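A.B. asks: This structure is in structure tokens; I'll ask about it shortly.
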Amino acid sequence: MAIRQMRPYTATTRFQSYIKYREVLTTNEPYKGLLEALPKKAGRNNNGRIVVRHHGGGNKRKYRIIDWKRTRRNIEGVVTSVEYDPNRTAFISLVQYKDGDRRYHLATNGVTVGTKILNSEEADIKPGNSLPMRKIPAGTAIHSIELKPGAGAKLVRSAGGSATLVGRIEGYAQVRMPSGELRMIPENCYATVGTVSNADHMNVSLGKAGRARWKGVRPAVRGVAMNPIDHPMGGGEGRTSGGRHPCSPWGQLAKGYKTRRTARPSDKFIISRRKKK
């Protein structure tokens, strides 16, 4: 798959690039049986307060119901289409199983229409198949990893992502995450063999503010451009460089401050951090 670079006919097309979807996607129409409404929240919680800034607007979307748990076990399925999903960076694949049931799965790189997949302990080690990590050889690239058996895939789900199964010890699998972190996960947790599709997503340049607005991303105003009442870094006579350490509107330091909660229960499963101390 390649990137389509726009010719600079105008100022907005000079830096725009797109993914050549026609080389990968096989249909423009999603399967209606696995769609549901996705109302816009504009970053607000159930009290109507903004909890995530710079969200709002954007194109209308329908949510594609993804089978993160791979519940159709020991039944062979066939990929019938590879589709675009507006709710995530990766592509999704529609799989039809032998009993007629259809499910959406996260598309694996290299899996095309007609590829047979299997979710089973006895599945072969090939891209698209899902099986427990105790059945996967060390050194295999995996994605869509469960944190607890049967809880559904939680880790490594974004475009082009993959983790590496390093080894197993005392009922746990040692997994090297894309960030470089090495952590232990119960070896009975399921994972999918291969790499997540759409690896070129990171190379796409939006090129103009309008494309960000289509995605529901609103403008972000610098703190130093605000008034003192609106931001700790606001105010000052004329242009200033902030006058204090960079921080959020609520005073949380932005550089070098550890935001991870201390003594998290999951700390004991982390062998080495992504950033070496």
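Starting from 1 in every chain, residues are counted up; chains themselves are A, B, ... following the order of the structure tokens, and ligands are numbered from 1 as listed.
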Could you name the residues that touch segment 135-151 of chain A at 9 Å or less, counting only C-alpha atoms, but leaving out those on the same chain fewer than 2 positions away, as an NGL selection string?
C.D. replies: :A and (68-69 or 71 or 106 or 108 or 121-123 or 125 or 127 or 130-133 or 153-157 or 161-168 or 185-196)
A.B. asks: Save out the residues we just selected, N, CA and C atoms, as a JSON list (two decimals), in the first residue's frame.
C.D. replies:
```
[["chain", "number", "residue", "atom", "x", "y", "z"],
["A", 68, "TRP", "N", -14.10, -8.23, 19.67],
["A", 68, "TRP", "CA", -12.78, -8.22, 20.30],
["A", 68, "TRP", "C", -12.49, -9.53, 21.03],
["A", 69, "LYS", "N", -13.52, -10.26, 21.42],
["A", 69, "LYS", "CA", -13.31, -11.49, 22.19],
["A", 69, "LYS", "C", -13.10, -12.72, 21.31],
["A", 71, "THR", "N", -15.27, -14.65, 19.80],
["A", 71, "THR", "CA", -16.14, -15.64, 20.45],
["A", 71, "THR", "C", -16.44, -16.86, 19.59],
["A", 106, "LEU", "N", -10.49, -6.87, 13.60],
["A", 106, "LEU", "CA", -9.44, -5.95, 13.20],
["A", 106, "LEU", "C", -8.62, -6.60, 12.08],
["A", 108, "THR", "N", -5.74, -7.79, 9.76],
["A", 108, "THR", "CA", -4.31, -8.07, 9.92],
["A", 108, "THR", "C", -3.61, -7.83, 8.59],
["A", 121, "GLU", "N", -7.28, -23.00, 19.90],
["A", 121, "GLU", "CA", -5.99, -23.39, 20.46],
["A", 121, "GLU", "C", -5.17, -24.19, 19.46],
["A", 122, "GLU", "N", -5.85, -24.79, 18.50],
["A", 122, "GLU", "CA", -5.17, -25.63, 17.51],
["A", 122, "GLU", "C", -4.93, -24.90, 16.19],
["A", 123, "ALA", "N", -5.14, -23.60, 16.17],
["A", 123, "ALA", "CA", -4.97, -22.84, 14.93],
["A", 123, "ALA", "C", -3.50, -22.78, 14.52],
["A", 125, "ILE", "N", -0.04, -21.06, 13.06],
["A", 125, "ILE", "CA", 0.61, -19.78, 13.31],
["A", 125, "ILE", "C", 0.73, -19.03, 11.99],
["A", 127, "PRO", "N", -0.90, -15.23, 9.87],
["A", 127, "PRO", "CA", -1.56, -13.95, 10.11],
["A", 127, "PRO", "C", -3.09, -14.07, 10.08],
["A", 130, "SER", "N", -6.21, -16.44, 15.68],
["A", 130, "SER", "CA", -6.16, -16.05, 17.08],
["A", 130, "SER", "C", -6.07, -17.29, 17.95],
["A", 131, "LEU", "N", -5.14, -17.29, 18.90],
["A", 131, "LEU", "CA", -4.94, -18.44, 19.77],
["A", 131, "LEU", "C", -4.26, -18.00, 21.07],
["A", 132, "PRO", "N", -4.31, -18.83, 22.11],
["A", 132, "PRO", "CA", -3.66, -18.43, 23.38],
["A", 132, "PRO", "C", -2.17, -18.27, 23.20],
["A", 133, "MET", "N", -1.59, -17.39, 24.00],
["A", 133, "MET", "CA", -0.16, -17.11, 23.86],
["A", 133, "MET", "C", 0.71, -18.29, 24.29],
["A", 153, "ALA", "N", -9.70, -8.19, 23.48],
["A", 153, "ALA", "CA", -8.42, -7.55, 23.15],
["A", 153, "ALA", "C", -8.40, -6.12, 23.68],
["A", 154, "LYS", "N", -7.31, -5.78, 24.37],
["A", 154, "LYS", "CA", -7.14, -4.45, 24.93],
["A", 154, "LYS", "C", -5.87, -3.77, 24.43],
["A", 155, "LEU", "N", -4.86, -4.54, 24.06],
["A", 155, "LEU", "CA", -3.55, -3.98, 23.73],
["A", 155, "LEU", "C", -3.24, -4.14, 22.25],
["A", 156, "VAL", "N", -2.46, -3.21, 21.71],
["A", 156, "VAL", "CA", -1.92, -3.24, 20.34],
["A", 156, "VAL", "C", -3.06, -3.37, 19.33],
["A", 157, "ARG", "N", -3.81, -2.29, 19.16],
["A", 157, "ARG", "CA", -4.95, -2.30, 18.24],
["A", 157, "ARG", "C", -4.88, -1.19, 17.20],
["A", 161, "GLY", "N", 0.52, -1.51, 14.31],
["A", 161, "GLY", "CA", 1.09, -1.93, 15.59],
["A", 161, "GLY", "C", 1.32, -3.42, 15.68],
["A", 162, "SER", "N", 2.34, -3.80, 16.42],
["A", 162, "SER", "CA", 2.59, -5.22, 16.72],
["A", 162, "SER", "C", 3.47, -5.30, 17.95],
["A", 163, "ALA", "N", 3.24, -6.34, 18.74],
["A", 163, "ALA", "CA", 4.09, -6.65, 19.88],
["A", 163, "ALA", "C", 4.83, -7.94, 19.57],
["A", 164, "THR", "N", 5.83, -8.25, 20.36],
["A", 164, "THR", "CA", 6.62, -9.46, 20.15],
["A", 164, "THR", "C", 6.55, -10.33, 21.39],
["A", 165, "LEU", "N", 6.19, -11.60, 21.18],
["A", 165, "LEU", "CA", 6.17, -12.56, 22.28],
["A", 165, "LEU", "C", 7.61, -13.01, 22.54],
["A", 166, "VAL", "N", 8.15, -12.60, 23.68],
["A", 166, "VAL", "CA", 9.55, -12.87, 23.99],
["A", 166, "VAL", "C", 9.75, -14.27, 24.55],
["A", 167, "GLY", "N", 8.87, -14.69, 25.44],
["A", 167, "GLY", "CA", 8.99, -16.01, 26.05],
["A", 167, "GLY", "C", 7.89, -16.24, 27.06],
["A", 168, "ARG", "N", 7.97, -17.34, 27.80],
["A", 168, "ARG", "CA", 6.98, -17.67, 28.82],
["A", 168, "ARG", "C", 7.68, -18.17, 30.07],
["A", 185, "ILE", "N", 1.90, -11.10, 30.81],
["A", 185, "ILE", "CA", 0.46, -11.26, 30.58],
["A", 185, "ILE", "C", 0.16, -12.74, 30.75],
["A", 186, "PRO", "N", -0.96, -13.11, 31.40],
["A", 186, "PRO", "CA", -1.30, -14.53, 31.55],
["A", 186, "PRO", "C", -1.26, -15.26, 30.21],
["A", 187, "GLU", "N", -0.61, -16.40, 30.18],
["A", 187, "GLU", "CA", -0.38, -17.10, 28.91],
["A", 187, "GLU", "C", -1.66, -17.69, 28.32],
["A", 188, "ASN", "N", -2.76, -17.73, 29.07],
["A", 188, "ASN", "CA", -4.03, -18.20, 28.52],
["A", 188, "ASN", "C", -4.79, -17.10, 27.77],
["A", 189, "CYS", "N", -4.27, -15.88, 27.80],
["A", 189, "CYS", "CA", -4.90, -14.79, 27.06],
["A", 189, "CYS", "C", -4.70, -15.00, 25.56],
["A", 190, "TYR", "N", -5.74, -14.67, 24.79],
["A", 190, "TYR", "CA", -5.68, -14.82, 23.34],
["A", 190, "TYR", "C", -4.98, -13.62, 22.71],
["A", 191, "ALA", "N", -4.33, -13.87, 21.60],
["A", 191, "ALA", "CA", -3.70, -12.82, 20.79],
["A", 191, "ALA", "C", -3.81, -13.23, 19.33],
["A", 192, "THR", "N", -3.75, -12.26, 18.44],
["A", 192, "THR", "CA", -3.83, -12.52, 17.01],
["A", 192, "THR", "C", -2.45, -12.45, 16.40],
["A", 193, "VAL", "N", -2.14, -13.40, 15.55],
["A", 193, "VAL", "CA", -0.83, -13.45, 14.91],
["A", 193, "VAL", "C", -0.75, -12.41, 13.80],
["A", 194, "GLY", "N", 0.37, -11.70, 13.73],
["A", 194, "GLY", "CA", 0.59, -10.74, 12.65],
["A", 194, "GLY", "C", 0.65, -9.31, 13.13],
["A", 195, "THR", "N", 0.58, -8.39, 12.17],
["A", 195, "THR", "CA", 0.66, -6.96, 12.42],
["A", 195, "THR", "C", -0.65, -6.30, 12.01],
["A", 196, "VAL", "N", -1.05, -5.28, 12.73],
["A", 196, "VAL", "CA", -2.29, -4.57, 12.40],
["A", 196, "VAL", "C", -2.14, -3.89, 11.04]]
```
A.B. asks: As a compact mmCIF listing (two decimals) with N, CA and C atoms, in the first residue's frame, please: every residue in segment 19-254 of chain A that DSSP puts in strand (DSSP E or B).
C.D. replies:
```txt
# COMPACT_ATOMS: atom_id res chain seq x y z
N ILE A 19 -4.07 7.88 1.74
CA ILE A 19 -3.77 6.47 1.53
C ILE A 19 -4.53 5.99 0.29
N LEU A 35 -23.86 -2.60 12.47
CA LEU A 35 -23.77 -1.15 12.66
C LEU A 35 -24.67 -0.72 13.80
N GLU A 36 -24.25 0.32 14.49
CA GLU A 36 -25.12 0.93 15.50
C GLU A 36 -24.84 2.42 15.55
N ALA A 37 -25.80 3.17 16.10
CA ALA A 37 -25.69 4.62 16.14
C ALA A 37 -24.53 5.04 17.04
N ARG A 44 -17.87 15.77 26.14
CA ARG A 44 -18.61 16.02 27.38
C ARG A 44 -19.03 14.72 28.06
N ILE A 50 -17.25 19.56 29.85
CA ILE A 50 -16.18 19.18 28.94
C ILE A 50 -15.07 18.49 29.74
N HIS A 55 -12.69 18.73 21.23
CA HIS A 55 -13.53 17.79 20.50
C HIS A 55 -14.82 18.49 20.10
N LYS A 62 -21.19 5.90 11.86
CA LYS A 62 -21.86 4.76 12.46
C LYS A 62 -20.78 3.87 13.07
N TYR A 63 -21.08 3.30 14.23
CA TYR A 63 -20.10 2.45 14.89
C TYR A 63 -20.16 1.03 14.34
N ARG A 64 -18.99 0.47 14.01
CA ARG A 64 -18.90 -0.92 13.57
C ARG A 64 -18.63 -1.79 14.79
N ILE A 66 -17.13 -4.52 16.67
CA ILE A 66 -15.97 -5.39 16.50
C ILE A 66 -16.02 -6.51 17.52
N GLY A 77 -13.53 -19.51 9.51
CA GLY A 77 -14.19 -18.39 8.85
C GLY A 77 -13.41 -17.93 7.63
N VAL A 78 -14.10 -17.20 6.76
CA VAL A 78 -13.49 -16.69 5.54
C VAL A 78 -13.68 -15.18 5.48
N VAL A 79 -12.63 -14.47 5.17
CA VAL A 79 -12.71 -13.02 5.03
C VAL A 79 -13.46 -12.69 3.74
N THR A 80 -14.58 -11.98 3.88
CA THR A 80 -15.39 -11.63 2.71
C THR A 80 -15.16 -10.20 2.24
N SER A 81 -14.63 -9.34 3.10
CA SER A 81 -14.34 -7.97 2.67
C SER A 81 -13.38 -7.32 3.65
N VAL A 82 -12.63 -6.35 3.13
CA VAL A 82 -11.77 -5.49 3.96
C VAL A 82 -12.32 -4.08 3.82
N GLU A 83 -12.64 -3.44 4.95
CA GLU A 83 -13.39 -2.19 4.93
C GLU A 83 -12.70 -1.09 5.72
N ILE A 92 -10.77 -2.83 8.99
CA ILE A 92 -11.46 -3.97 9.59
C ILE A 92 -11.83 -4.96 8.50
N SER A 93 -11.97 -6.22 8.88
CA SER A 93 -12.33 -7.26 7.91
C SER A 93 -13.61 -7.94 8.37
N LEU A 94 -14.49 -8.18 7.42
CA LEU A 94 -15.75 -8.89 7.70
C LEU A 94 -15.51 -10.37 7.45
N VAL A 95 -15.75 -11.17 8.48
CA VAL A 95 -15.49 -12.61 8.42
C VAL A 95 -16.81 -13.35 8.50
N GLN A 96 -17.02 -14.27 7.56
CA GLN A 96 -18.21 -15.12 7.59
C GLN A 96 -17.80 -16.54 7.97
N TYR A 97 -18.41 -17.04 9.04
CA TYR A 97 -18.08 -18.38 9.53
C TYR A 97 -18.96 -19.43 8.87
N ARG A 102 -21.65 -13.70 10.92
CA ARG A 102 -20.68 -12.73 10.43
C ARG A 102 -20.18 -11.87 11.58
N ARG A 103 -18.89 -11.61 11.57
CA ARG A 103 -18.29 -10.79 12.60
C ARG A 103 -17.24 -9.86 11.97
N TYR A 104 -17.11 -8.67 12.59
CA TYR A 104 -16.03 -7.76 12.21
C TYR A 104 -14.82 -8.05 13.10
N HIS A 105 -13.65 -8.15 12.49
CA HIS A 105 -12.40 -8.29 13.21
C HIS A 105 -11.45 -7.19 12.75
N LEU A 106 -10.49 -6.87 13.60
CA LEU A 106 -9.44 -5.95 13.20
C LEU A 106 -8.62 -6.60 12.08
N THR A 108 -5.74 -7.79 9.76
CA THR A 108 -4.31 -8.07 9.92
C THR A 108 -3.61 -7.83 8.59
N LYS A 116 -8.67 -17.72 4.96
CA LYS A 116 -9.38 -18.48 6.00
C LYS A 116 -8.70 -18.20 7.34
N ILE A 117 -9.51 -17.91 8.36
CA ILE A 117 -8.98 -17.66 9.69
C ILE A 117 -9.66 -18.59 10.68
N ASN A 119 -10.10 -19.18 15.13
CA ASN A 119 -9.88 -18.78 16.52
C ASN A 119 -9.92 -20.05 17.37
N SER A 130 -6.21 -16.44 15.68
CA SER A 130 -6.16 -16.05 17.08
C SER A 130 -6.07 -17.29 17.95
N LEU A 131 -5.14 -17.29 18.90
CA LEU A 131 -4.94 -18.44 19.77
C LEU A 131 -4.26 -18.00 21.07
N PRO A 132 -4.31 -18.83 22.11
CA PRO A 132 -3.66 -18.43 23.38
C PRO A 132 -2.17 -18.27 23.20
N ALA A 141 5.31 -12.02 15.99
CA ALA A 141 4.64 -10.72 16.07
C ALA A 141 3.15 -10.95 16.31
N ILE A 142 2.59 -10.27 17.29
CA ILE A 142 1.18 -10.44 17.64
C ILE A 142 0.53 -9.08 17.85
N HIS A 143 -0.81 -9.08 17.82
CA HIS A 143 -1.57 -7.86 18.13
C HIS A 143 -2.91 -8.27 18.73
N ILE A 145 -4.18 -8.08 21.87
CA ILE A 145 -3.82 -8.94 22.99
C ILE A 145 -4.77 -8.69 24.16
N GLU A 146 -5.22 -9.78 24.77
CA GLU A 146 -6.03 -9.69 25.98
C GLU A 146 -5.14 -9.44 27.20
N ALA A 153 -9.70 -8.19 23.48
CA ALA A 153 -8.42 -7.55 23.15
C ALA A 153 -8.40 -6.12 23.68
N LYS A 154 -7.31 -5.78 24.37
CA LYS A 154 -7.14 -4.45 24.93
C LYS A 154 -5.87 -3.77 24.43
N LEU A 155 -4.86 -4.54 24.06
CA LEU A 155 -3.55 -3.98 23.73
C LEU A 155 -3.24 -4.14 22.25
N ALA A 163 3.24 -6.34 18.74
CA ALA A 163 4.09 -6.65 19.88
C ALA A 163 4.83 -7.94 19.57
N THR A 164 5.83 -8.25 20.36
CA THR A 164 6.62 -9.46 20.15
C THR A 164 6.55 -10.33 21.39
N LEU A 165 6.19 -11.60 21.18
CA LEU A 165 6.17 -12.56 22.28
C LEU A 165 7.61 -13.01 22.54
N VAL A 166 8.15 -12.60 23.68
CA VAL A 166 9.55 -12.87 23.99
C VAL A 166 9.75 -14.27 24.55
N GLY A 167 8.87 -14.69 25.44
CA GLY A 167 8.99 -16.01 26.05
C GLY A 167 7.89 -16.24 27.06
N ARG A 168 7.97 -17.34 27.80
CA ARG A 168 6.98 -17.67 28.82
C ARG A 168 7.68 -18.17 30.07
N ILE A 169 7.07 -17.84 31.23
CA ILE A 169 7.64 -18.28 32.49
C ILE A 169 6.55 -18.30 33.56
N TYR A 172 3.00 -17.13 32.74
CA TYR A 172 2.88 -15.81 32.13
C TYR A 172 3.70 -15.74 30.85
N ALA A 173 3.18 -14.96 29.90
CA ALA A 173 3.91 -14.69 28.67
C ALA A 173 4.58 -13.33 28.79
N GLN A 174 5.83 -13.26 28.37
CA GLN A 174 6.56 -12.00 28.37
C GLN A 174 6.42 -11.36 27.00
N VAL A 175 5.83 -10.16 26.96
CA VAL A 175 5.51 -9.50 25.69
C VAL A 175 6.23 -8.16 25.63
N ARG A 176 6.92 -7.94 24.53
CA ARG A 176 7.57 -6.65 24.26
C ARG A 176 6.57 -5.77 23.52
N LEU A 182 8.43 -4.07 28.46
CA LEU A 182 8.36 -5.52 28.57
C LEU A 182 7.49 -5.86 29.77
N ARG A 183 6.38 -6.57 29.50
CA ARG A 183 5.46 -6.88 30.58
C ARG A 183 4.98 -8.32 30.52
N MET A 184 4.45 -8.80 31.64
CA MET A 184 3.93 -10.16 31.73
C MET A 184 2.42 -10.15 31.59
N ILE A 185 1.90 -11.10 30.81
CA ILE A 185 0.46 -11.26 30.58
C ILE A 185 0.16 -12.74 30.75
N PRO A 186 -0.96 -13.11 31.40
CA PRO A 186 -1.30 -14.53 31.55
C PRO A 186 -1.26 -15.26 30.21
N TYR A 190 -5.74 -14.67 24.79
CA TYR A 190 -5.68 -14.82 23.34
C TYR A 190 -4.98 -13.62 22.71
N ALA A 191 -4.33 -13.87 21.60
CA ALA A 191 -3.70 -12.82 20.79
C ALA A 191 -3.81 -13.23 19.33
N THR A 192 -3.75 -12.26 18.44
CA THR A 192 -3.83 -12.52 17.01
C THR A 192 -2.45 -12.45 16.40
N VAL A 193 -2.14 -13.40 15.55
CA VAL A 193 -0.83 -13.45 14.91
C VAL A 193 -0.75 -12.41 13.80
N VAL A 196 -1.05 -5.28 12.73
CA VAL A 196 -2.29 -4.57 12.40
C VAL A 196 -2.14 -3.89 11.04
N VAL A 217 -11.88 17.32 15.33
CA VAL A 217 -10.83 17.97 16.11
C VAL A 217 -10.97 19.48 15.98
N CYS A 247 2.40 24.19 31.73
CA CYS A 247 1.44 23.43 32.51
C CYS A 247 0.09 23.41 31.80
N LEU A 253 1.94 20.09 35.68
CA LEU A 253 3.15 20.32 34.92
C LEU A 253 3.18 19.46 33.66
```
A.B. asks: Go through A:Gly58, A:Pro219, A:Gly243, A:Gly251 one by one, measure the shortest atom-to-atom distance of each to His231 of chain A using only C-alpha atoms, and give the residue with the smallest value.
C.D. replies: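 Among the listed residues, A:Gly251 lies closest to His231 of chain A.
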A.B. asks: So what do you get for atom CA of Arg53 of chain A versus atom CA of Gly235 of chain A, distance-wise?
C.D. replies: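 These atoms are spaced 20.9 Å apart.
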A.B. asks: Residues of segment 97-216 of chain A that approach segment 21-27 of chain A to 12 Å or less, counting only C-alpha atoms: could you list each one with the shortest pair of atoms and its distance in Å to one decimal, rows by chain and increasing residue number, as a Markdown table?
C.D. replies:
```
| residue | atom | partner | partner_atom | distance |
| --- | --- | --- | --- | --- |
| A:Ala107 | CA | A:Val24 | CA | 10.7 |
| A:Thr108 | CA | A:Val24 | CA | 11.7 |
| A:Asn109 | CA | A:Val24 | CA | 10.1 |
| A:Gly110 | CA | A:Val24 | CA | 9.9 |
| A:Val111 | CA | A:Val24 | CA | 10.0 |
| A:Thr112 | CA | A:Val24 | CA | 8.2 |
| A:Val113 | CA | A:Thr26 | CA | 8.0 |
| A:Gly114 | CA | A:Thr26 | CA | 11.6 |
| A:Ser197 | CA | A:Val24 | CA | 9.7 |
| A:Asn198 | CA | A:Val24 | CA | 9.0 |
| A:Ala199 | CA | A:Val24 | CA | 12.0 |
| A:Asp200 | CA | A:Tyr21 | CA | 11.0 |
| A:His201 | CA | A:Tyr21 | CA | 11.2 |
```
